[in-house]
Amino acid sequence: MQMIRGINRQIIEVCDTESDYFERALFFVRPDYSDAERAVLEHEARRALKRFGEPTGARRRRKRLWLWGRLTLAALCGAAAAAFFFWLLP
């Protein structure tokens, strides 16, 4: 993690994002917090990266798979219930 001091802005660059999708991230520090300790700024940058999570497309695909899995499970439960009732009633 590097801190870059610009003329007008302070920037934190996170080189190791621990993500398969992103190589680096840049955080522009608000002027109110430019005097904050480096460790505090780095900690907040890491927390923000964890909150971002994965890209929306991957999240959407996982939701779609989860939906199809639940629908399949519901269909199987319905088929099992129907087979059970047909077996009970002659």
# chains A, B, ... in the order shown; residues from 1 in each chain; ligands from 1

$ select_by_dssp --residues "chain A" --states "helix (DSSP H, G or I)" --output "MDAnalysis selection string"
chainID A and resid 31:33 38:52 56:88

$ closest_residue --among "A:Leu76, A:Ala83, A:Leu41, A:Cys15" --to "Phe28 of chain A" --atoms "only C-alpha atoms"
A:Leu41

$ select_by_dssp --residues "segment 17-77 of chain A" --states "strand (DSSP E)" --output "list in words"
Ala25, Leu26, Phe27, Phe28 and Val29 of chain A

$ write_last_selection --atoms "C-alpha atoms" --output "PDB file, in the first residue's frame"
ATOM      1  CA  ALA A  25      -7.325   0.479  -6.287  1.00  0.00           C
ATOM      2  CA  LEU A  26      -6.924   4.222  -5.760  1.00  0.00           C
ATOM      3  CA  PHE A  27      -8.585   6.079  -2.888  1.00  0.00           C
ATOM      4  CA  PHE A  28      -8.729   9.860  -2.837  1.00  0.00           C
ATOM      5  CA  VAL A  29      -8.580  11.085   0.765  1.00  0.00           C
TER       6      VAL A  29
END

$ atom_distance --atom1 "atom CA of Asp20 of chain A" --atom2 "atom CA of Leu49 of chain A"
12.6 Å

$ closest_residue --among "A:Leu89, A:Leu65, A:Ala45, A:Ala80" --to "Glu13 of chain A" --atoms "only C-alpha atoms"
A:Ala45

$ closest_residue --among "A:Arg46, A:Arg9, A:Arg62, A:Glu37" --to "Arg24 of chain A" --atoms "only C-alpha atoms"
A:Arg46

$ closest_residue --among "A:Leu67, A:Ala79, A:Phe22, A:Gln10" --to "Asp35 of chain A" --atoms "only C-alpha atoms"
A:Gln10

$ atom_distance --atom1 "atom CA of Glu42 of chain A" --atom2 "atom CA of Val14 of chain A"
8.4 Å

$ decode --residues "segment 61-87 of chain A" --atoms "N, CA, C and O atoms" --output "mmCIF file, in the first residue's frame"
data_model
loop_
_atom_site.group_PDB
_atom_site.id
_atom_site.type_symbol
_atom_site.label_atom_id
_atom_site.label_comp_id
_atom_site.auth_asym_id
_atom_site.auth_seq_id
_atom_site.Cartn_x
_atom_site.Cartn_y
_atom_site.Cartn_z
ATOM 1 N N ARG A 61 -24.856 -13.430 -11.781
ATOM 2 C CA ARG A 61 -24.818 -14.830 -12.218
ATOM 3 C C ARG A 61 -25.054 -15.765 -11.039
ATOM 4 O O ARG A 61 -25.760 -16.753 -11.153
ATOM 5 N N ARG A 62 -24.432 -15.457 -9.895
ATOM 6 C CA ARG A 62 -24.614 -16.316 -8.736
ATOM 7 C C ARG A 62 -26.063 -16.288 -8.255
ATOM 8 O O ARG A 62 -26.626 -17.317 -7.891
ATOM 9 N N LYS A 63 -26.705 -15.111 -8.290
ATOM 10 C CA LYS A 63 -28.111 -15.020 -7.899
ATOM 11 C C LYS A 63 -28.982 -15.851 -8.832
ATOM 12 O O LYS A 63 -29.913 -16.520 -8.404
ATOM 13 N N ARG A 64 -28.680 -15.795 -10.130
ATOM 14 C CA ARG A 64 -29.453 -16.548 -11.112
ATOM 15 C C ARG A 64 -29.315 -18.045 -10.859
ATOM 16 O O ARG A 64 -30.298 -18.787 -10.909
ATOM 17 N N LEU A 65 -28.084 -18.502 -10.595
ATOM 18 C CA LEU A 65 -27.881 -19.922 -10.300
ATOM 19 C C LEU A 65 -28.629 -20.330 -9.036
ATOM 20 O O LEU A 65 -29.208 -21.409 -8.957
ATOM 21 N N TRP A 66 -28.599 -19.470 -8.022
ATOM 22 C CA TRP A 66 -29.294 -19.754 -6.768
ATOM 23 C C TRP A 66 -30.803 -19.851 -7.015
ATOM 24 O O TRP A 66 -31.477 -20.730 -6.492
ATOM 25 N N LEU A 67 -31.334 -18.952 -7.848
ATOM 26 C CA LEU A 67 -32.759 -18.982 -8.171
ATOM 27 C C LEU A 67 -33.123 -20.280 -8.883
ATOM 28 O O LEU A 67 -34.104 -20.937 -8.522
ATOM 29 N N TRP A 68 -32.330 -20.682 -9.890
ATOM 30 C CA TRP A 68 -32.606 -21.926 -10.599
ATOM 31 C C TRP A 68 -32.495 -23.135 -9.676
ATOM 32 O O TRP A 68 -33.273 -24.084 -9.782
ATOM 33 N N GLY A 69 -31.557 -23.107 -8.760
ATOM 34 C CA GLY A 69 -31.427 -24.201 -7.795
ATOM 35 C C GLY A 69 -32.651 -24.310 -6.896
ATOM 36 O O GLY A 69 -33.160 -25.407 -6.655
ATOM 37 N N ARG A 70 -33.149 -23.168 -6.437
ATOM 38 C CA ARG A 70 -34.346 -23.185 -5.582
ATOM 39 C C ARG A 70 -35.579 -23.635 -6.356
ATOM 40 O O ARG A 70 -36.410 -24.376 -5.833
ATOM 41 N N LEU A 71 -35.701 -23.183 -7.598
ATOM 42 C CA LEU A 71 -36.849 -23.616 -8.415
ATOM 43 C C LEU A 71 -36.797 -25.117 -8.685
ATOM 44 O O LEU A 71 -37.832 -25.798 -8.647
ATOM 45 N N THR A 72 -35.618 -25.641 -8.955
ATOM 46 C CA THR A 72 -35.467 -27.074 -9.184
ATOM 47 C C THR A 72 -35.826 -27.861 -7.933
ATOM 48 O O THR A 72 -36.525 -28.874 -7.994
ATOM 49 N N LEU A 73 -35.354 -27.382 -6.781
ATOM 50 C CA LEU A 73 -35.671 -28.050 -5.520
ATOM 51 C C LEU A 73 -37.178 -28.030 -5.255
ATOM 52 O O LEU A 73 -37.748 -29.041 -4.838
ATOM 53 N N ALA A 74 -37.834 -26.901 -5.527
ATOM 54 C CA ALA A 74 -39.285 -26.808 -5.329
ATOM 55 C C ALA A 74 -40.023 -27.773 -6.261
ATOM 56 O O ALA A 74 -40.990 -28.433 -5.850
ATOM 57 N N ALA A 75 -39.562 -27.879 -7.507
ATOM 58 C CA ALA A 75 -40.194 -28.797 -8.453
ATOM 59 C C ALA A 75 -40.025 -30.245 -8.007
ATOM 60 O O ALA A 75 -40.965 -31.057 -8.094
ATOM 61 N N LEU A 76 -38.831 -30.579 -7.514
ATOM 62 C CA LEU A 76 -38.596 -31.940 -7.028
ATOM 63 C C LEU A 76 -39.455 -32.258 -5.810
ATOM 64 O O LEU A 76 -39.999 -33.363 -5.695
ATOM 65 N N CYS A 77 -39.588 -31.287 -4.902
ATOM 66 C CA CYS A 77 -40.446 -31.496 -3.725
ATOM 67 C C CYS A 77 -41.903 -31.681 -4.147
ATOM 68 O O CYS A 77 -42.614 -32.532 -3.603
ATOM 69 N N GLY A 78 -42.342 -30.900 -5.108
ATOM 70 C CA GLY A 78 -43.716 -31.038 -5.608
ATOM 71 C C GLY A 78 -43.933 -32.393 -6.257
ATOM 72 O O GLY A 78 -44.976 -33.038 -6.055
ATOM 73 N N ALA A 79 -42.966 -32.852 -7.048
ATOM 74 C CA ALA A 79 -43.086 -34.161 -7.692
ATOM 75 C C ALA A 79 -43.089 -35.278 -6.652
ATOM 76 O O ALA A 79 -43.862 -36.242 -6.770
ATOM 77 N N ALA A 80 -42.266 -35.134 -5.608
ATOM 78 C CA ALA A 80 -42.231 -36.156 -4.556
ATOM 79 C C ALA A 80 -43.548 -36.184 -3.793
ATOM 80 O O ALA A 80 -44.068 -37.261 -3.473
ATOM 81 N N ALA A 81 -44.111 -35.014 -3.505
ATOM 82 C CA ALA A 81 -45.396 -34.954 -2.798
ATOM 83 C C ALA A 81 -46.506 -35.565 -3.653
ATOM 84 O O ALA A 81 -47.350 -36.327 -3.148
ATOM 85 N N ALA A 82 -46.500 -35.272 -4.940
ATOM 86 C CA ALA A 82 -47.521 -35.834 -5.830
ATOM 87 C C ALA A 82 -47.382 -37.348 -5.915
ATOM 88 O O ALA A 82 -48.388 -38.073 -5.857
ATOM 89 N N ALA A 83 -46.154 -37.839 -6.021
ATOM 90 C CA ALA A 83 -45.945 -39.303 -6.079
ATOM 91 C C ALA A 83 -46.379 -39.958 -4.780
ATOM 92 O O ALA A 83 -46.979 -41.033 -4.785
ATOM 93 N N PHE A 84 -46.114 -39.305 -3.645
ATOM 94 C CA PHE A 84 -46.498 -39.851 -2.354
ATOM 95 C C PHE A 84 -48.024 -39.956 -2.250
ATOM 96 O O PHE A 84 -48.553 -40.962 -1.797
ATOM 97 N N PHE A 85 -48.730 -38.904 -2.653
ATOM 98 C CA PHE A 85 -50.198 -38.925 -2.571
ATOM 99 C C PHE A 85 -50.792 -39.941 -3.552
ATOM 100 O O PHE A 85 -51.793 -40.585 -3.247
ATOM 101 N N PHE A 86 -50.227 -40.089 -4.732
ATOM 102 C CA PHE A 86 -50.714 -41.105 -5.674
ATOM 103 C C PHE A 86 -50.467 -42.505 -5.133
ATOM 104 O O PHE A 86 -51.228 -43.428 -5.366
ATOM 105 N N TRP A 87 -49.390 -42.673 -4.385
ATOM 106 C CA TRP A 87 -49.074 -43.977 -3.806
ATOM 107 C C TRP A 87 -50.045 -44.291 -2.663
ATOM 108 O O TRP A 87 -50.449 -45.438 -2.483
#
